[in-house]
file structure-v7.cif (mmCIF, C-alpha atoms)
data_data
loop_
_atom_site.label_atom_id
_atom_site.label_comp_id
_atom_site.auth_asym_id
_atom_site.auth_seq_id
_atom_site.Cartn_x
_atom_site.Cartn_y
_atom_site.Cartn_z
CA MET A 1 32.82 -11.14 -3.67
CA ARG A 2 33.43 -14.57 -5.07
CA MET A 3 33.12 -17.70 -2.97
CA ARG A 4 34.76 -20.98 -3.78
CA GLY A 5 32.29 -23.11 -5.62
CA VAL A 6 29.84 -20.23 -6.11
CA SER A 7 30.61 -18.29 -9.28
CA ARG A 8 29.16 -14.91 -10.05
CA GLU A 9 27.63 -16.24 -13.26
CA LYS A 10 25.95 -19.09 -11.41
CA PHE A 11 24.58 -16.67 -8.84
CA LEU A 12 23.10 -14.44 -11.53
CA LYS A 13 21.80 -17.10 -13.92
CA GLY A 14 18.15 -17.66 -14.52
CA THR A 15 17.12 -14.23 -15.75
CA ALA A 16 14.68 -15.83 -18.18
CA ILE A 17 11.05 -15.59 -17.18
CA ALA A 18 9.88 -18.65 -15.28
CA ALA A 19 6.40 -19.66 -14.26
CA GLY A 20 5.25 -20.35 -10.76
CA ALA A 21 6.37 -17.21 -8.90
CA ALA A 22 5.49 -17.27 -5.23
CA SER A 23 2.29 -15.41 -4.47
CA ILE A 24 3.09 -12.76 -1.91
CA GLY A 25 0.07 -11.02 -0.50
CA PHE A 26 -1.31 -9.43 -3.65
CA PRO A 27 -5.03 -8.79 -4.07
CA ALA A 28 -6.70 -10.81 -6.80
CA TYR A 29 -8.36 -9.01 -9.72
CA ILE A 30 -9.54 -11.52 -12.31
CA PRO A 31 -10.90 -10.18 -15.61
CA ARG A 32 -14.60 -10.82 -16.20
CA LEU A 33 -15.47 -13.06 -19.11
CA GLY A 34 -15.45 -11.00 -22.29
CA GLU A 35 -13.78 -8.02 -20.61
CA ALA A 36 -10.95 -6.42 -22.58
CA ALA A 37 -7.65 -7.27 -20.97
CA ASP A 38 -5.11 -5.34 -23.04
CA GLU A 39 -1.65 -5.48 -21.53
CA ILE A 40 -0.04 -2.79 -19.42
CA ARG A 41 3.53 -2.14 -20.50
CA ILE A 42 6.16 -1.05 -17.98
CA GLY A 43 9.54 0.16 -19.26
CA GLY A 44 12.56 -1.11 -17.34
CA ILE A 45 15.88 0.76 -17.58
CA ASP A 46 18.83 -0.83 -15.78
CA PRO A 47 22.51 -1.50 -16.60
CA LEU A 48 23.02 -4.92 -18.17
CA THR A 49 26.58 -4.21 -19.28
CA GLY A 50 29.47 -2.38 -17.63
CA THR A 51 30.51 -1.88 -14.02
CA TYR A 52 26.96 -2.10 -12.61
CA ALA A 53 25.67 -4.99 -14.75
CA ALA A 54 25.33 -7.50 -11.90
CA LEU A 55 23.30 -5.02 -9.86
CA GLY A 56 21.01 -4.23 -12.78
CA LYS A 57 20.31 -7.90 -13.42
CA SER A 58 19.33 -8.42 -9.79
CA GLU A 59 16.95 -5.47 -9.91
CA PHE A 60 15.29 -6.89 -13.04
CA ASN A 61 14.97 -10.27 -11.30
CA GLY A 62 13.09 -8.67 -8.41
CA MET A 63 10.83 -6.70 -10.76
CA GLN A 64 9.93 -9.85 -12.64
CA MET A 65 9.07 -11.69 -9.42
CA ALA A 66 6.60 -8.99 -8.39
CA LEU A 67 5.13 -8.64 -11.89
CA ASP A 68 4.60 -12.38 -12.30
CA ALA A 69 2.90 -12.64 -8.93
CA TRP A 70 0.47 -9.88 -9.93
CA ASN A 71 -0.20 -11.52 -13.29
CA LYS A 72 -0.78 -14.86 -11.63
CA ARG A 73 -3.62 -13.24 -9.71
CA GLY A 74 -5.08 -11.43 -12.69
CA GLY A 75 -3.01 -8.26 -12.81
CA PRO A 76 -3.81 -4.70 -11.73
CA MET A 77 -7.27 -3.73 -12.94
CA GLY A 78 -7.55 -7.28 -14.31
CA ARG A 79 -4.96 -6.57 -17.02
CA LYS A 80 -1.76 -8.42 -17.83
CA VAL A 81 1.49 -6.55 -17.16
CA VAL A 82 4.58 -6.83 -19.37
CA LEU A 83 8.07 -5.58 -18.50
CA LEU A 84 10.13 -4.31 -21.45
CA LYS A 85 13.82 -4.24 -20.49
CA GLU A 86 16.47 -1.85 -21.80
CA ASP A 87 20.19 -1.56 -20.98
CA SER A 88 21.13 1.91 -19.71
CA GLN A 89 24.85 1.05 -19.78
CA ALA A 90 24.99 3.26 -16.65
CA ASP A 91 25.14 6.20 -19.08
CA PRO A 92 22.77 9.15 -18.46
CA GLY A 93 22.45 9.95 -22.18
CA VAL A 94 21.70 6.34 -23.09
CA GLY A 95 19.19 6.20 -20.24
CA VAL A 96 17.26 9.13 -21.68
CA GLN A 97 17.28 7.60 -25.17
CA LYS A 98 15.91 4.33 -23.79
CA ALA A 99 13.29 6.15 -21.71
CA ARG A 100 11.97 8.01 -24.75
CA LYS A 101 11.93 4.82 -26.82
CA LEU A 102 10.01 2.90 -24.16
CA VAL A 103 7.36 5.60 -23.81
CA ASN A 104 7.03 6.98 -27.35
CA GLN A 105 7.61 3.83 -29.42
CA ASP A 106 6.80 0.95 -27.09
CA HIS A 107 3.87 2.73 -25.39
CA CYS A 108 4.94 2.02 -21.81
CA VAL A 109 2.74 3.73 -19.22
CA ALA A 110 5.49 4.03 -16.58
CA LEU A 111 9.24 3.60 -16.18
CA ILE A 112 11.23 1.74 -13.53
CA GLY A 113 14.86 1.01 -12.75
CA SER A 114 18.36 2.50 -12.64
CA VAL A 115 21.38 1.70 -10.50
CA SER A 116 23.37 4.82 -11.33
CA SER A 117 22.27 8.02 -9.61
CA ALA A 118 23.25 10.01 -12.70
CA VAL A 119 20.95 7.85 -14.84
CA SER A 120 18.15 8.22 -12.28
CA LEU A 121 18.39 11.99 -12.51
CA SER A 122 18.45 12.02 -16.32
CA VAL A 123 15.64 9.49 -16.72
CA GLY A 124 13.66 11.27 -14.00
CA GLY A 125 13.87 14.49 -16.01
CA ALA A 126 12.85 12.71 -19.22
CA ALA A 127 9.93 10.97 -17.51
CA HIS A 128 8.71 14.29 -16.15
CA SER A 129 8.87 15.91 -19.58
CA MET A 130 6.81 13.02 -21.00
CA GLY A 131 4.37 13.02 -18.08
CA VAL A 132 4.92 9.41 -16.95
CA VAL A 133 5.75 8.00 -13.53
CA PHE A 134 9.35 6.88 -13.00
CA MET A 135 10.04 4.49 -10.12
CA ASP A 136 13.74 4.91 -9.27
CA THR A 137 14.74 1.56 -7.82
CA GLY A 138 18.45 1.97 -7.21
CA GLY A 139 19.81 5.49 -7.76
CA HIS A 140 20.37 6.78 -4.23
CA THR A 141 21.26 10.44 -4.70
CA ASP A 142 19.36 12.87 -2.46
CA ASP A 143 18.93 15.21 -5.42
CA PHE A 144 16.36 12.88 -6.97
CA THR A 145 13.79 13.64 -4.27
CA MET A 146 15.19 17.00 -3.14
CA LYS A 147 16.28 19.73 -5.57
CA ASP A 148 15.35 17.67 -8.66
CA CYS A 149 12.03 16.39 -7.29
CA HIS A 150 9.04 15.96 -9.62
CA TRP A 151 5.49 14.74 -9.17
CA THR A 152 6.36 11.90 -11.55
CA SER A 153 9.42 10.72 -9.54
CA PHE A 154 9.37 8.08 -6.79
CA GLN A 155 12.49 6.71 -5.05
CA ILE A 156 12.57 3.14 -3.70
CA CYS A 157 16.14 2.85 -2.38
CA HIS A 158 17.14 4.98 0.59
CA PRO A 159 18.36 8.51 -0.17
CA THR A 160 22.03 9.03 0.56
CA TRP A 161 21.21 11.11 3.63
CA MET A 162 19.59 8.07 5.24
CA LEU A 163 22.45 5.77 4.21
CA THR A 164 25.11 7.97 5.79
CA HIS A 165 23.23 8.76 8.96
CA ALA A 166 22.40 5.10 9.57
CA THR A 167 26.08 4.11 9.37
CA GLY A 168 27.88 7.19 10.69
CA TYR A 169 26.96 6.50 14.30
CA THR A 170 28.44 3.00 13.98
CA PHE A 171 31.71 4.30 12.51
CA ALA A 172 32.05 6.80 15.35
CA LYS A 173 32.17 3.91 17.83
CA PHE A 174 35.43 2.74 16.23
CA SER A 175 37.26 5.99 15.54
CA LYS A 176 36.74 9.73 15.13
CA LYS A 177 39.19 9.89 12.18
CA TRP A 178 37.62 8.90 8.84
CA TYR A 179 39.01 8.67 5.32
CA ALA A 180 36.60 8.36 2.37
CA ILE A 181 37.04 7.38 -1.26
CA SER A 182 33.99 8.06 -3.43
CA PRO A 183 32.94 7.87 -7.08
CA ASP A 184 33.07 11.24 -8.79
CA TYR A 185 29.44 11.65 -9.83
CA ALA A 186 26.07 12.46 -8.24
CA PHE A 187 25.96 9.49 -5.87
CA GLY A 188 29.47 10.00 -4.49
CA HIS A 189 28.98 13.71 -3.86
CA SER A 190 25.58 13.19 -2.22
CA ILE A 191 27.07 10.48 -0.01
CA MET A 192 29.84 12.76 1.18
CA ASP A 193 27.41 15.60 1.92
CA GLY A 194 25.75 13.18 4.32
CA TYR A 195 28.97 11.96 5.92
CA VAL A 196 30.22 15.53 6.40
CA ASP A 197 27.01 16.29 8.28
CA ILE A 198 27.04 13.19 10.47
CA ALA A 199 30.77 13.63 11.18
CA LYS A 200 29.97 17.03 12.71
CA GLN A 201 27.22 15.50 14.82
CA VAL A 202 29.44 12.75 16.26
CA GLY A 203 32.62 14.83 16.51
CA ALA A 204 34.51 12.96 13.77
CA THR A 205 37.05 14.40 11.33
CA LEU A 206 37.41 13.50 7.66
CA VAL A 207 41.19 13.31 7.37
CA GLY A 208 40.78 12.39 3.71
CA ASN A 209 37.93 12.88 1.24
CA VAL A 210 38.80 12.06 -2.37
CA PHE A 211 36.77 11.38 -5.51
CA ALA A 212 37.77 8.90 -8.21
CA PRO A 213 36.37 8.66 -11.75
CA LEU A 214 33.67 6.07 -12.38
CA GLY A 215 35.32 3.00 -13.90
CA THR A 216 38.55 3.25 -11.90
CA SER A 217 40.25 -0.16 -11.69
CA GLU A 218 43.72 0.83 -10.52
CA TRP A 219 43.73 2.45 -7.09
CA GLY A 220 47.47 2.97 -6.62
CA ALA A 221 47.06 6.74 -6.84
CA TYR A 222 44.76 6.74 -3.79
CA LEU A 223 45.68 3.93 -1.43
CA PRO A 224 49.17 5.02 -0.25
CA GLN A 225 47.70 8.26 1.11
CA LEU A 226 44.91 6.32 2.81
CA ALA A 227 47.36 3.87 4.36
CA SER A 228 49.47 6.68 5.84
CA SER A 229 46.59 8.98 6.81
CA GLY A 230 46.22 7.90 10.43
CA ALA A 231 42.52 7.25 9.86
CA GLY A 232 40.77 4.68 12.01
CA VAL A 233 37.87 4.16 9.59
CA PHE A 234 38.01 3.76 5.80
CA ILE A 235 34.67 4.62 4.18
CA ALA A 236 34.52 2.84 0.81
CA ASN A 237 31.83 4.43 -1.37
CA PRO A 238 32.42 3.12 -4.94
CA GLY A 239 30.11 0.46 -6.34
CA GLY A 240 30.09 -2.39 -8.81
CA ASN A 241 33.39 -3.51 -10.29
CA ASP A 242 35.07 -0.36 -8.91
CA PHE A 243 34.30 -1.51 -5.38
CA ILE A 244 35.61 -5.01 -6.08
CA THR A 245 38.98 -3.82 -7.33
CA LEU A 246 39.22 -1.21 -4.55
CA MET A 247 38.74 -3.78 -1.79
CA GLN A 248 41.15 -6.26 -3.38
CA GLN A 249 43.86 -3.63 -3.70
CA ALA A 250 43.19 -2.16 -0.25
CA LYS A 251 43.91 -5.61 1.15
CA SER A 252 47.27 -5.72 -0.64
CA TYR A 253 48.17 -2.39 1.00
CA GLY A 254 47.31 -3.81 4.45
CA ILE A 255 44.45 -1.35 4.88
CA LEU A 256 41.77 -3.93 5.66
CA SER A 257 43.70 -5.16 8.70
CA LYS A 258 45.00 -1.73 9.73
CA MET A 259 41.69 0.10 10.14
CA LYS A 260 37.96 -0.51 10.29
CA VAL A 261 36.24 -0.55 6.91
CA GLY A 262 32.66 0.21 5.99
CA GLY A 263 30.31 2.09 3.77
CA PRO A 264 26.81 3.39 3.25
CA LEU A 265 25.28 0.41 1.46
CA LEU A 266 25.77 -3.28 0.96
CA ASP A 267 25.62 -4.66 -2.58
CA MET A 268 25.93 -8.40 -2.09
CA GLU A 269 26.77 -8.97 -5.76
CA ASN A 270 30.06 -7.19 -5.11
CA PHE A 271 30.85 -9.20 -1.99
CA TYR A 272 30.19 -12.50 -3.74
CA ALA A 273 32.81 -11.55 -6.33
CA LEU A 274 35.51 -10.89 -3.69
CA PRO A 275 37.84 -13.46 -2.11
CA PRO A 276 37.00 -14.16 1.55
CA SER A 277 40.07 -12.27 2.73
CA ALA A 278 38.63 -9.03 1.33
CA ARG A 279 35.14 -9.48 2.79
CA VAL A 280 35.24 -7.29 5.86
CA GLY A 281 33.52 -4.31 7.39
CA TYR A 282 30.34 -2.72 8.64
CA TRP A 283 27.86 -1.67 5.98
CA GLY A 284 24.51 -0.05 5.61
CA VAL A 285 22.02 -2.76 4.68
CA GLU A 286 18.83 -1.80 2.86
CA TRP A 287 17.29 -5.27 3.01
CA TYR A 288 18.55 -8.76 3.83
CA TYR A 289 17.29 -12.25 3.09
CA SER A 290 18.06 -14.15 6.29
CA SER A 291 17.81 -11.92 9.36
CA PRO A 292 14.98 -11.94 11.92
CA LEU A 293 15.49 -8.17 12.20
CA VAL A 294 14.43 -7.91 8.55
CA LEU A 295 12.02 -10.74 7.80
CA GLY A 296 10.64 -11.42 11.26
CA ASN A 297 7.94 -14.08 11.09
CA LYS A 298 6.31 -12.58 8.01
CA LYS A 299 5.13 -15.44 5.82
CA SER A 300 5.20 -13.46 2.56
CA ALA A 301 8.82 -12.38 3.18
CA HIS A 302 9.98 -15.95 3.67
CA GLU A 303 7.99 -17.04 0.61
CA PHE A 304 9.72 -14.36 -1.46
CA VAL A 305 13.16 -15.61 -0.38
CA ALA A 306 12.28 -19.24 -1.05
CA GLY A 307 10.71 -18.46 -4.43
CA TYR A 308 13.66 -16.35 -5.53
CA LYS A 309 16.18 -19.05 -4.56
CA LYS A 310 14.24 -21.67 -6.48
CA ARG A 311 13.94 -19.49 -9.54
CA TYR A 312 17.38 -17.88 -9.76
CA GLY A 313 19.66 -20.35 -7.96
CA GLY A 314 20.73 -18.02 -5.16
CA PRO A 315 19.22 -15.73 -2.52
CA PRO A 316 17.75 -12.31 -3.31
CA THR A 317 20.01 -9.32 -2.65
CA PRO A 318 19.09 -5.76 -1.65
CA ARG A 319 19.04 -4.95 -5.37
CA SER A 320 16.53 -7.76 -5.90
CA ALA A 321 14.45 -6.20 -3.11
CA PHE A 322 14.60 -2.76 -4.79
CA GLY A 323 13.28 -4.22 -8.02
CA PHE A 324 10.57 -6.18 -6.25
CA MET A 325 9.45 -3.26 -4.07
CA GLY A 326 9.52 -0.85 -7.01
CA MET A 327 7.33 -3.03 -9.20
CA GLN A 328 5.06 -3.96 -6.31
CA MET A 329 4.48 -0.33 -5.36
CA LEU A 330 4.03 0.78 -8.98
CA LEU A 331 1.41 -1.89 -9.69
CA ASN A 332 -0.26 -1.12 -6.37
CA GLY A 333 -0.54 2.48 -7.53
CA ILE A 334 -2.01 1.54 -10.90
CA ASP A 335 -4.51 -0.79 -9.27
CA ALA A 336 -5.48 1.70 -6.55
CA ALA A 337 -5.91 4.46 -9.14
CA LYS A 338 -7.86 2.10 -11.41
CA SER A 339 -6.06 3.90 -14.20
CA THR A 340 -2.78 4.17 -16.07
CA ASP A 341 -3.02 7.97 -15.96
CA ALA A 342 0.23 9.20 -14.38
CA VAL A 343 -1.34 11.91 -12.21
CA LYS A 344 -3.85 9.46 -10.78
CA ILE A 345 -1.12 6.87 -10.13
CA ALA A 346 1.04 9.45 -8.36
CA HIS A 347 -1.80 10.58 -6.12
CA ALA A 348 -2.67 6.96 -5.35
CA LEU A 349 0.89 6.31 -4.16
CA GLU A 350 1.90 9.36 -2.18
CA GLY A 351 1.35 9.37 1.56
CA LYS A 352 -0.46 6.03 1.62
CA LYS A 353 0.89 3.21 3.80
CA PHE A 354 1.30 -0.17 2.13
CA ASP A 355 2.04 -3.50 3.74
CA ALA A 356 5.60 -4.46 2.75
CA PRO A 357 5.55 -8.11 1.63
CA ILE A 358 9.31 -8.68 1.99
CA PHE A 359 10.04 -7.29 5.45
CA THR A 360 8.22 -6.91 8.71
CA GLY A 361 6.38 -3.60 8.81
CA ASP A 362 4.97 -1.25 6.24
CA ALA A 363 6.24 1.42 3.85
CA TYR A 364 4.98 4.66 2.38
CA PHE A 365 6.04 7.35 -0.04
CA ARG A 366 6.38 10.74 1.57
CA ALA A 367 3.78 13.13 0.19
CA ASP A 368 6.25 16.02 0.13
CA ASN A 369 9.01 14.47 -2.03
CA HIS A 370 8.05 10.86 -2.91
CA ALA A 371 10.94 9.17 -1.07
CA LEU A 372 9.99 5.71 0.20
CA MET A 373 10.07 5.50 3.98
CA TRP A 374 11.21 2.08 5.17
CA PRO A 375 13.81 0.87 7.68
CA MET A 376 17.58 0.67 7.30
CA TRP A 377 19.78 -1.98 8.85
CA VAL A 378 23.51 -2.25 9.69
CA GLY A 379 25.47 -5.45 9.07
CA ASP A 380 28.81 -6.90 10.20
CA THR A 381 30.48 -8.94 7.44
CA VAL A 382 31.29 -12.63 8.05
CA ALA A 383 33.81 -13.63 5.38
CA ASN A 384 32.95 -17.31 4.92
CA GLY A 385 29.24 -17.20 5.63
CA ILE A 386 26.98 -17.92 8.59
CA GLY A 387 25.56 -21.33 9.50
CA GLY A 388 27.08 -23.13 6.54
CA ASP A 389 25.40 -20.81 4.02
CA PRO A 390 28.15 -19.37 1.77
CA TYR A 391 25.83 -16.59 0.62
CA ASN A 392 24.97 -15.41 4.13
CA LEU A 393 27.82 -12.95 4.68
CA GLU A 394 26.14 -10.38 6.92
CA ARG A 395 25.20 -10.50 10.57
CA ILE A 396 22.52 -7.83 10.93
CA VAL A 397 23.24 -5.95 14.14
CA ASP A 398 20.76 -3.06 14.09
CA ARG A 399 17.48 -1.85 12.59
CA ILE A 400 16.88 1.89 12.26
CA ALA A 401 13.47 3.46 11.74
CA PRO A 402 13.34 5.74 8.67
CA GLU A 403 11.98 8.71 10.59
CA LYS A 404 15.17 8.80 12.71
CA ILE A 405 17.54 9.23 9.76
CA SER A 406 15.55 11.06 7.09
CA SER A 407 15.71 14.73 6.24
CA THR A 408 13.29 16.91 8.19
CA PRO A 409 10.09 18.26 6.61
CA ALA A 410 11.61 21.75 6.74
CA GLU A 411 14.77 20.59 4.92
CA ILE A 412 12.68 18.85 2.27
CA LYS A 413 10.44 21.88 1.78
CA ALA A 414 13.49 24.11 1.34
CA ALA A 415 14.91 21.83 -1.36
CA CYS A 416 11.60 20.69 -2.89
CA PRO A 417 9.04 23.45 -2.34
CA SER A 418 6.60 21.93 -4.84
CA LEU A 419 6.28 18.69 -6.81
CA GLY A 420 4.77 20.70 -9.65
CA TYR A 421 1.64 18.72 -10.45
CA PRO A 422 -0.05 19.89 -13.65
CA SER A 423 -2.98 22.19 -12.97
#
call {"tool": "encode", "arguments": {"input": "structure-v7.cif", "output": "structure tokens"}}
result
Amino acid sequence: MRMRGVSREKFLKGTAIAAGAASIGFPAYIPRLGEAADEIRIGGIDPLTGTYAALGKSEFNGMQMALDAWNKRGGPMGRKVVLLKEDSQADPGVGVQKARKLVNQDHCVALIGSVSSAVSLSVGGAAHSMGVVFMDTGGHTDDFTMKDCHWTSFQICHPTWMLTHATGYTFAKFSKKWYAISPDYAFGHSIMDGYVDIAKQVGATLVGNVFAPLGTSEWGAYLPQLASSGAGVFIANPGGNDFITLMQQAKSYGILSKMKVGGPLLDMENFYALPPSARVGYWGVEWYYSSPLVLGNKKSAHEFVAGYKKRYGGPPTPRSAFGFMGMQMLLNGIDAAKSTDAVKIAHALEGKKFDAPIFTGDAYFRADNHALMWPMWVGDTVANGIGGDPYNLERIVDRIAPEKISSTPAEIKAACPSLGYPS
């Protein structure tokens, strides 16, 4: 969404590395005099061009914040960390090419990134074949930590099952007739598996459930049916530029005023690019920069927000949080393992609780499938901002514990019977 006086380019500027990152609760490991301090290379794979470019840039911003804070304190194991960035173009094949380059040519010890679920799955497979840890920051598909789980794979963002079950109960308060438009790839299909399940639980009916190709910019083939469907809730699942054009055109069809609108996750970059008249709805929120339900009184969380604003000229988004949490957890694992060996890093991460610097509470990777367990929130959109802050478009109305909306241990075991560690 675009606000008057706040351009998308201005919001995203400042991707160059800057000194003076806020220190956010990291342990200090300073190299001893004369000790070898060869750098640790981390390979970043995120879209920097195409429909998801804005989201990828925000994830890289968050990664860099976490990495710089570690380096400022001496780095994991007293070694400097470097992030090598590659553009996935949101293309699974390109993602695999970049993953192999980063590991085999650039000698990266781990991989991190991805907005597209399809890229997460392809890079996850490549990382497993090369025996390196891949920290999936932004590809939400359940498959990543369910049927396609690997010992090398860790998922930062919430699986689609959690996204849908956090928001489905809210939608049911408005209407029991839902109509969904989704992107036709792994993320969209995983999302709808979740909404079909939660619809049964709350007694709702999906009166429409259609899939559109990734990159759709003209929605005239879909919106007339939605407008005449009799639905009380429109679930908008596309992301990036597809979401922006969908919401703009849905407004022109009168849909945004005719029915409640919402979706599984809030990407603020998209909302900033929209006109205020198209900023509506109830959305799953995976992290937010200004709510007491998210930050509480946690000093490190407020320092992260202030440091990010100073560095990048605007507040951090959920995508920024994914990048930050992914890099923070990855470097925690390296430091706890006292090694860059992938098996040791994986064992150091799984099942262990870590203080979460950017929200009140802690987080941990499940030992059975490596999904990160942390809260979800639900937000109500305020078109012109809250309290004079044009960026602050969400009023957070609920916080949901991860254990309430995650798949059960039995469901995970059925889909992911073994992570397949090497013997």
call {"tool": "closest_residue", "arguments": {"input": "structure-v7.cif", "among": "A:His150, A:Gly307, A:Asn392, A:Lys258", "to": "A:Ala367", "atoms": "only C-alpha atoms"}}
result
A:His150
call {"tool": "residues_around", "arguments": {"input": "structure-v7.cif", "residues": "stretch 279-281 of chain A", "least_positions_apart": "5", "cutoff": "10 Å", "atoms": "all atoms listed in the file", "output": "tab-separated table (two decimals) with C-alpha atoms, in the frame of the given file"}}
result
chain	number	residue	atom	x	y	z
A	1	MET	CA	32.82	-11.14	-3.67
A	2	ARG	CA	33.43	-14.57	-5.07
A	233	VAL	CA	37.87	4.16	9.59
A	234	PHE	CA	38.01	3.76	5.80
A	235	ILE	CA	34.67	4.62	4.18
A	236	ALA	CA	34.52	2.84	0.81
A	244	ILE	CA	35.61	-5.01	-6.08
A	247	MET	CA	38.74	-3.78	-1.79
A	248	GLN	CA	41.15	-6.26	-3.38
A	251	LYS	CA	43.91	-5.61	1.15
A	256	LEU	CA	41.77	-3.93	5.66
A	257	SER	CA	43.70	-5.16	8.70
A	259	MET	CA	41.69	0.10	10.14
A	260	LYS	CA	37.96	-0.51	10.29
A	261	VAL	CA	36.24	-0.55	6.91
A	262	GLY	CA	32.66	0.21	5.99
A	263	GLY	CA	30.31	2.09	3.77
A	270	ASN	CA	30.06	-7.19	-5.11
A	271	PHE	CA	30.85	-9.20	-1.99
A	272	TYR	CA	30.19	-12.50	-3.74
A	273	ALA	CA	32.81	-11.55	-6.33
A	274	LEU	CA	35.51	-10.89	-3.69
A	379	GLY	CA	25.47	-5.45	9.07
A	380	ASP	CA	28.81	-6.90	10.20
A	381	THR	CA	30.48	-8.94	7.44
A	382	VAL	CA	31.29	-12.63	8.05
A	383	ALA	CA	33.81	-13.63	5.38
A	384	ASN	CA	32.95	-17.31	4.92
A	393	LEU	CA	27.82	-12.95	4.68
A	394	GLU	CA	26.14	-10.38	6.92
call {"tool": "residues_around", "arguments": {"input": "structure-v7.cif", "residues": "A:Tyr288", "least_positions_apart": "2", "cutoff": "9 Å", "atoms": "only C-alpha atoms", "output": "number ranges by chain"}}
result
A: 285-286, 290-291, 293-295, 316-318, 321, 359, 377, 394, 396
call {"tool": "write_last_selection", "arguments": {"input": "structure-v7.cif", "atoms": "C-alpha atoms", "output": "PDB file, in the coordinates of the input"}}
result
ATOM      1  CA  VAL A 285      22.020  -2.760   4.680  1.00  0.00           C
ATOM      2  CA  GLU A 286      18.830  -1.800   2.860  1.00  0.00           C
ATOM      3  CA  SER A 290      18.060 -14.150   6.290  1.00  0.00           C
ATOM      4  CA  SER A 291      17.810 -11.920   9.360  1.00  0.00           C
ATOM      5  CA  LEU A 293      15.490  -8.170  12.200  1.00  0.00           C
ATOM      6  CA  VAL A 294      14.430  -7.910   8.550  1.00  0.00           C
ATOM      7  CA  LEU A 295      12.020 -10.740   7.800  1.00  0.00           C
ATOM      8  CA  PRO A 316      17.750 -12.310  -3.310  1.00  0.00           C
ATOM      9  CA  THR A 317      20.010  -9.320  -2.650  1.00  0.00           C
ATOM     10  CA  PRO A 318      19.090  -5.760  -1.650  1.00  0.00           C
ATOM     11  CA  ALA A 321      14.450  -6.200  -3.110  1.00  0.00           C
ATOM     12  CA  PHE A 359      10.040  -7.290   5.450  1.00  0.00           C
ATOM     13  CA  TRP A 377      19.780  -1.980   8.850  1.00  0.00           C
ATOM     14  CA  GLU A 394      26.140 -10.380   6.920  1.00  0.00           C
ATOM     15  CA  ILE A 396      22.520  -7.830  10.930  1.00  0.00           C
TER      16      ILE A 396
END
call {"tool": "resolve_selection", "arguments": {"input": "structure-v7.cif", "expression": "the PyMOL selection byres ((chain A and resi 134) around 9)", "output": "ChimeraX atom specification"}}
result
/A:110-113,120,123-124,127-128,132-133,135-136,152-155
call {"tool": "residues_near_point", "arguments": {"input": "structure-v7.cif", "point": "(26.8, 6.4, -16.9)", "cutoff": "10 Å", "atoms": "all atoms listed in the file", "output": "list in words"}}
result
Pro47, Gly50, Thr51, Tyr52, Ser88, Gln89, Ala90, Asp91, Pro92, Gly93, Val94, Gly95, Val115, Ser116, Ser117, Ala118, Val119, Ser120, Tyr185, Leu214 and Gly215 of chain A
call {"tool": "write_last_selection", "arguments": {"input": "structure-v7.cif", "atoms": "C-alpha atoms", "output": "compact mmCIF listing (two decimals), in the frame of the given file"}}
result
# COMPACT_ATOMS: atom_id res chain seq x y z
CA PRO A 47 22.51 -1.50 -16.60
CA GLY A 50 29.47 -2.38 -17.63
CA THR A 51 30.51 -1.88 -14.02
CA TYR A 52 26.96 -2.10 -12.61
CA SER A 88 21.13 1.91 -19.71
CA GLN A 89 24.85 1.05 -19.78
CA ALA A 90 24.99 3.26 -16.65
CA ASP A 91 25.14 6.20 -19.08
CA PRO A 92 22.77 9.15 -18.46
CA GLY A 93 22.45 9.95 -22.18
CA VAL A 94 21.70 6.34 -23.09
CA GLY A 95 19.19 6.20 -20.24
CA VAL A 115 21.38 1.70 -10.50
CA SER A 116 23.37 4.82 -11.33
CA SER A 117 22.27 8.02 -9.61
CA ALA A 118 23.25 10.01 -12.70
CA VAL A 119 20.95 7.85 -14.84
CA SER A 120 18.15 8.22 -12.28
CA TYR A 185 29.44 11.65 -9.83
CA LEU A 214 33.67 6.07 -12.38
CA GLY A 215 35.32 3.00 -13.90
call {"tool": "atom_distance", "arguments": {"input": "structure-v7.cif", "atom1": "atom CA of A:His158", "atom2": "atom CA of A:Ala180"}}
result
19.8 Å
call {"tool": "atom_distance", "arguments": {"input": "structure-v7.cif", "atom1": "atom CA of A:Ile191", "atom2": "atom CA of A:Trp161"}}
result
6.9 Å
call {"tool": "resolve_selection", "arguments": {"input": "structure-v7.cif", "expression": "the PyMOL selection byres ((chain A and resi 364) around 10)", "output": "MDAnalysis selection string"}}
result
chainID A and resid 156 329 349:356 362:363 365:367 370:374
call {"tool": "closest_residue", "arguments": {"input": "structure-v7.cif", "among": "A:Asp193, A:Glu39, A:Asp106, A:Glu269", "to": "A:Ser320", "atoms": "only C-alpha atoms"}}
result
A:Glu269
call {"tool": "closest_atom_pairs", "arguments": {"input": "structure-v7.cif", "of": "stretch 134-216 of chain A", "to": "stretch 414-422 of chain A", "cutoff": "7 Å", "atoms": "all atoms listed in the file", "output": "tab-separated table"}}
result
residue	atom	partner	partner_atom	distance
A:Met146	CA	A:Cys416	CA	5.2
A:Lys147	CA	A:Ala415	CA	4.9
A:Cys149	CA	A:Cys416	CA	6.2
A:His150	CA	A:Leu419	CA	4.8
A:Trp151	CA	A:Leu419	CA	4.7
call {"tool": "resolve_selection", "arguments": {"input": "structure-v7.cif", "expression": "the PyMOL selection byres ((chain A and resi 339-343) around 7)", "output": "PyMOL selection string"}}
result
chain A and resi 109+131-133+334-335+337-338+344-347
call {"tool": "closest_residue", "arguments": {"input": "structure-v7.cif", "among": "A:Ser300, A:Tyr391, A:Leu330, A:Thr137", "to": "A:Leu67", "atoms": "only C-alpha atoms"}}
result
A:Leu330
